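Each remark here refers to the structure printed beneath this line.
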There are 2 protein chains.
Amino acid sequence: MDDAYERVVELAKRRGFFWQAYEIYGGVGGLYVMGPLGVAMRRRLEELWRSMFIRRHGFAEIDAPALGPYKVFKASGHVDNFKDPVAECLRCGRKFRADHLLGEAGIAAGEGMPPEELQRLLNEGHVKCPECGASEWRVSQFLTMFETRMGPYSEDVGFLRPETAQGIFTEFRRIYEVTRERLPLGVAQLGRGFRNEISPRQAMIRLREFNMMELEFFMDPEQPCPYLDEVSDDVLPVLTEEVAERGGEDLLNVRVGDALDRGVIRNGCLAYFMAISLRFVGALGIPRDRQRFHGKPAHERAHYSAQTFDHEVVVPGFGWLEVAGLAYRTDYDLRSHSEASGKDLSVSVKLPEPELVRKVRWRVRSVEELKRAAGDRWKDVMRIVAESDDPPRDIAALGLSMEGLPVVREEVEERANVRRFYPHVVEPSYGVERLMLAALSWAYGVREGRAVISLPPYLAPVQVAVFPLVSRDGLDDRARRLADALSARFDVMYDADGSIGRRYARADEAGVPYAITVDYKTLEDGTVTLRYRDTWEQERLPEDGLADKLNGLLRPPP
Amino acid sequence: MDDAYERVVELAKRRGFFWQAYEIYGGVGGLYVMGPLGVAMRRRLEELWRSMFIRRHGFAEIDAPALGPYKVFKASGHVDNFKDPVAECLRCGRKFRADHLLGEAGIAAGEGMPPEELQRLLNEGHVKCPECGASEWRVSQFLTMFETRMGPYSEDVGFLRPETAQGIFTEFRRIYEVTRERLPLGVAQLGRGFRNEISPRQAMIRLREFNMMELEFFMDPEQPCPYLDEVSDDVLPVLTEEVAERGGEDLLNVRVGDALDRGVIRNGCLAYFMAISLRFVGALGIPRDRQRFHGKPAHERAHYSAQTFDHEVVVPGFGWLEVAGLAYRTDYDLRSHSEASGKDLSVSVKLPEPELVRKVRWRVRSVEELKRAAGDRWKDVMRIVAESDDPPRDIAALGLSMEGLPVVREEVEERANVRRFYPHVVEPSYGVERLMLAALSWAYGVREGRAVISLPPYLAPVQVAVFPLVSRDGLDDRARRLADALSARFDVMYDADGSIGRRYARADEAGVPYAITVDYKTLEDGTVTLRYRDTWEQERLPEDGLADKLNGLLRPPP
């Protein structure tokens, strides 16, 4: 492993893309700050995502709270499942992620291994504590959601969301209504996720607080994916679940259509979003042949997923990095929240023609008989039979026995005009900071000993630099006016400090794709030089057409 | 009070601007969801803020974590000061904000009144518990930051930030470096703030999680504000501290220049940002004569502030609402974090000519004498005198007495080429949700019995609606193509459901300023009708020039 990764992190810190937060207090693991260049680059990344995933499909975007009450994350399965194994050193009390300790000691530990097993491996492997050198361990499960109290009562536990998705599922009913009750329905959300990592170390990769771009795509599981035609000839690089399971690395390069036919991908819209994901990540400047979709075997998948592919890319000097997860969540989430909240999140679609549907119905055979059997509670029983979805349970709750009651269960066939179901969900979910790190790593180059950040122009935080050749004879005023005029449409850097060569170098390092210099000739004929970051070539052109020229150069892919 | 406020909240919910979060679980007080229209409107509001406060001054924008460690909020003063008085009913145990209970009972309670005093007022006033009717109370202080644990150790306490500002102050050193060490320096941040309200009730006003737009403007307190000329004739509506203190409501309408001369506003840049704030809030469609700057008397100001004006606006059906705070924070924050972290956050500026500066210096009068007096610790004393900023303290810490030591304190004059100081800070800070609520309230109108949301066009979530007159004869295809083409530059709503009248009504209610209808004439001559939301007037014009026309109509104020 070379130092490419460290060089990118160093440059990001020095030029203000991002750095570890609270440095003056010694820093806090897993918390990062986006500096001025980082914020601007992130905004462009988000715009590209919005245009490729949201706008072109006419999807909705919402913004839900980062805080949620206990019952939401209990229902979603996170309280029970969102855990990492923590190993505590029995001598010094320090805590580490058990699987990471084993990994560093060269002992294989599969994802999802129970704590007792990890503890046995640590103790029998005599794995040393990195802090004190002892090798006696106790392993337990650690809930990696941040917990807090909402309001003044200690029992009102809340959590910071580990994914933005739950804020879409819990609000599904209202979103479905305000978007006029149609499927498929895409609902996107851009926002913070939180994960209480046990001991985060790698810069911008294992973060306690991070930005996500998530899309929950709700669909009728009986309908084909409406967008498939557009991508069915796209070729996806897939590390299949089977190959991944046995530790292999061989990629299957497979057409979207074939992947579906052969069952490599089990849902059409999942395949569609994988194809779009490949295009999107490619548009960030990350080569297609350095990307893959890593199929997760069942025991490594999140609790809600029927199929998951991690979208991974090679980060120079680091290796494979997961930048997105594409999951087929089925109806797990809407069903869970319906059951936990008692509010029905299913939808109904009109059938082309009525269908016969088998239904269970409960009936009182004879009211007279019921009066004799149930005494003065016969009216309660009548009400239960009419309203309850489980009469035996509710009758038992009254303290009555079903035996001897004239209450019968019947199966009937009914003609139904609508079909009710929980929409199924496909989710592409991106980690913003990881995408930024990957894009910066691929953009990082060295030319004549100096760093040049060759981000695609539509991702560059500063779009154009304006320099006066020298700061006198009115060149600076003229350049300043040009910079101000361009600021109405672009993110502009004006720089008059030091030699023109040093200013070009500074702009290259900040990834500015185009630099304009105002010189003495400008005063004569109104032309300026336009210099290209990636070729260092210059051309002379009139000030007038500059804005339109730049607009064309900065346009993202269609 | 009429029901204007409730009607706006109802429309916001029905059309998907915003609604209370987690409704299916009974809702959680103080947590709201921004729906599709809300997210889009918020983005435009943020862009307007960015253009008026950030871009035109060339300021920087960063994005820091919402989580921070205990010591950051201890140093900032929040751990000690960010508290509300909570009254607990001694019979049923329910808790309420003590000052709100008193207010509802018609008993005056000043901001900042100690808990014992509030408790006495509640008990002597026999204020009844809204829950159980008892009237025995215990009042204590409640820390209104959300507290959590960061990582697996219970002692690692962290908080969710109550303001984004601290993430700028703690990172000041690095931001100052990457922006090339210049003052004044504006650093903006847009993001979530959190406040653990005791019992939040009013929709979108008292939130536990909210969005802020904050600007920290760092300046040399000895320099005049460089932007003042632009606004010195602007007239500000001020409720002065003195008038506010004695409960008055009379406004002083005062020129910015006069307000500074007369000491009504105590800092030039504070006055400048107040003038910009008036323009900004006016650009949201809130009339100037329904705005005021409410000067806060010393005991009502936050702990860091030397002067604060709340920017308040009238919300129809609600009354005065604070939408921003403009505070002169002096050097409180940088000084506090310097002292707490041990890292110097002061800056130095070069003096035009060297100045004489008085300094305190410690000196050892005679080394021989010191050896006799301090024995084998004489070297330690030498080192302390050379390095310590408080030699008597550190010598005492060695266990030695200053008495009898040949260590002397001298005052000397030195020529200094630079001046070191902590930059002073002026902060305009906006509550995004409150601005949205206020803007929607003023935009809300009724015409012929139907709601019309007349937001300024540049704030409208959906910018243009496209309708086919009927969904046949190719009109729908033609309209759909037009909508797709316009989508490249605008946020477009395509709607083909129901009568054209119903579609206009739906668009009016969503605040869409322009609606285009494709009809049979379009097929003949390529013209469409453009209908204006606020006048219901229509004009006929060619499809070709539409995009440029809309672009002009949607442009924000310069």
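Identifiers in this document derive from the order of the structure tokens: chains are assigned A, B, ..., residues are numbered from 1 separately in each chain, and ligands are numbered from 1 in order of occurrence.
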| query | Mind checking DSSP for stretch 151-361 of chain A and telling me the strand (DSSP E or B) residues as a VMD selection string? | reply | chain A and resid 157 to 160 185 to 194 209 to 219 235 to 239 252 to 255 291 to 295 307 to 315 319 to 330 347 to 361
With chain B superposed on chain A by all C-alpha atoms in order, least-squares RMSD stands at 0.3 Å
Q: Fewer than 3 positions away in the same chain doesn't count, so skip those; otherwise give me all residues within 6 Å of stretch 261-273 of chain B, counting only C-alpha atoms, as JSON, numbers by chain.
A: {"B": [225, 228, 258, 276, 277, 426]}
- Message: Residues of chain A within 7 Å of chain B, counting only C-alpha atoms - could you list those as JSON, numbers by chain?
- Response: {"A": [14, 15, 16, 22, 24, 25, 31, 32, 33, 34, 35, 36, 39, 60, 61, 62, 63, 64, 65, 146, 147, 148, 149, 150, 151, 152, 170, 171, 178, 196, 197, 198, 199, 209, 341, 343]}
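With atom CA of B:Thr527 on one side and atom CA of B:Arg481 on the other, the separation reads 14.2 Å.
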Check the DSSP output for the backbone and give back, as number ranges by chain, the residues of stretch 368-487 of chain A in alpha helix (DSSP H). A: 368-374, 378-387, 391-397, 432-443, 475-487
Subject >> d(atom CA of A:Asn417, atom CA of A:Val347) in Å >> reply: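 We find that atom CA of A:Asn417 and atom CA of A:Val347 lie 13.3 Å from each other.
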Q: Identify, on the basis of only C-alpha atoms, every residue whose closest approach to A:Asn123 does not exceed 9 Å; exclude the query and any residue fewer than 2 positions from it along the same chain; express the result as a list in words.
A: Leu118, Gln119, Arg120, Leu121, Gly125, His126, Val127, Ser135, Glu136, Trp137 and Arg138 of chain A
Selection near B:Leu486, 10 Å with only C-alpha atoms, sequence-local residues under 3 positions removed, as a VMD selection string: chain B and resid 464 to 466 480 to 483 489 to 492 546 to 547 550
For stretch 241-251 of chain B, work out the shell of residues within 10 Å, counting only C-alpha atoms and skipping chain neighbours fewer than 2 positions away, then give it as number ranges by chain.
B: 236-239, 253-254, 264, 292-300, 307-309
Selection from above, N, CA, C and O atoms, as a CSV table (one decimal), in the first residue's frame, can you write it?
chain,number,residue,atom,x,y,z
B,236,LEU,N,-34.2,51.6,10.4
B,236,LEU,CA,-34.4,50.4,11.2
B,236,LEU,C,-35.5,50.6,12.2
B,236,LEU,O,-35.5,51.6,12.9
B,237,PRO,N,-36.5,49.7,12.3
B,237,PRO,CA,-37.5,49.8,13.3
B,237,PRO,C,-37.0,49.1,14.6
B,237,PRO,O,-37.0,47.9,14.6
B,238,VAL,N,-36.7,49.9,15.6
B,238,VAL,CA,-36.1,49.3,16.8
B,238,VAL,C,-37.0,49.5,18.0
B,238,VAL,O,-37.5,50.6,18.3
B,239,LEU,N,-37.2,48.4,18.7
B,239,LEU,CA,-37.7,48.5,20.1
B,239,LEU,C,-36.5,48.5,21.0
B,239,LEU,O,-35.8,47.5,21.2
B,253,ASN,N,-38.0,54.5,14.8
B,253,ASN,CA,-37.5,54.3,13.4
B,253,ASN,C,-36.3,55.2,13.2
B,253,ASN,O,-36.4,56.4,13.3
B,254,VAL,N,-35.2,54.5,13.0
B,254,VAL,CA,-33.9,55.3,13.1
B,254,VAL,C,-33.0,54.9,12.0
B,254,VAL,O,-32.9,53.7,11.6
B,264,VAL,N,-27.6,53.5,20.1
B,264,VAL,CA,-28.7,52.6,20.2
B,264,VAL,C,-28.2,51.2,19.7
B,264,VAL,O,-28.6,50.2,20.3
B,292,ARG,N,-39.7,44.2,13.4
B,292,ARG,CA,-39.0,45.1,14.4
B,292,ARG,C,-37.7,44.4,14.9
B,292,ARG,O,-37.6,43.1,14.9
B,293,PHE,N,-36.8,45.2,15.4
B,293,PHE,CA,-35.6,44.7,16.1
B,293,PHE,C,-35.8,44.9,17.6
B,293,PHE,O,-35.8,46.1,18.1
B,294,HIS,N,-36.0,43.8,18.4
B,294,HIS,CA,-36.3,43.9,19.8
B,294,HIS,C,-35.0,43.8,20.6
B,294,HIS,O,-34.4,42.7,20.7
B,295,GLY,N,-34.6,44.9,21.1
B,295,GLY,CA,-33.4,45.0,21.9
B,295,GLY,C,-33.6,44.2,23.2
B,295,GLY,O,-34.6,44.4,23.9
B,296,LYS,N,-32.6,43.3,23.6
B,296,LYS,CA,-32.8,42.5,24.8
B,296,LYS,C,-32.0,43.1,25.9
B,296,LYS,O,-30.8,43.3,25.8
B,297,PRO,N,-32.7,43.4,27.0
B,297,PRO,CA,-32.0,43.9,28.2
B,297,PRO,C,-31.0,42.9,28.7
B,297,PRO,O,-31.1,41.7,28.4
B,298,ALA,N,-30.0,43.4,29.4
B,298,ALA,CA,-28.8,42.5,29.8
B,298,ALA,C,-29.3,41.2,30.4
B,298,ALA,O,-28.8,40.1,30.0
B,299,HIS,N,-30.2,41.2,31.3
B,299,HIS,CA,-30.6,40.0,32.0
B,299,HIS,C,-31.3,39.0,31.1
B,299,HIS,O,-31.5,37.8,31.5
B,300,GLU,N,-31.8,39.4,30.0
B,300,GLU,CA,-32.5,38.5,29.0
B,300,GLU,C,-31.5,38.0,27.9
B,300,GLU,O,-31.9,37.2,27.1
B,307,GLN,N,-24.6,42.7,23.1
B,307,GLN,CA,-25.9,43.3,22.7
B,307,GLN,C,-26.6,42.4,21.8
B,307,GLN,O,-25.9,41.7,20.9
B,308,THR,N,-27.9,42.2,21.9
B,308,THR,CA,-28.7,41.3,21.1
B,308,THR,C,-29.9,42.0,20.7
B,308,THR,O,-30.6,42.6,21.5
B,309,PHE,N,-30.3,41.9,19.4
B,309,PHE,CA,-31.6,42.3,18.9
B,309,PHE,C,-32.2,41.0,18.3
B,309,PHE,O,-31.7,40.3,17.5
Atom CA of B:Gly431 to atom CA of B:Glu322 measures 8.5 Å
*For A:Ala439, which of A:Leu459, A:Phe467, A:Arg365, A:Ile500 is the closest residue, counting only C-alpha atoms?*
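Of all the options, A:Leu459 lies closest to A:Ala439.
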| Neighbour list for A:Ile395 as a PyMOL selection string, cut-off 10 Å, only C-alpha atoms, skip fewer than 3 positions in-chain | chain A and resi 380-381+384-385+388+390-392+398-402+405
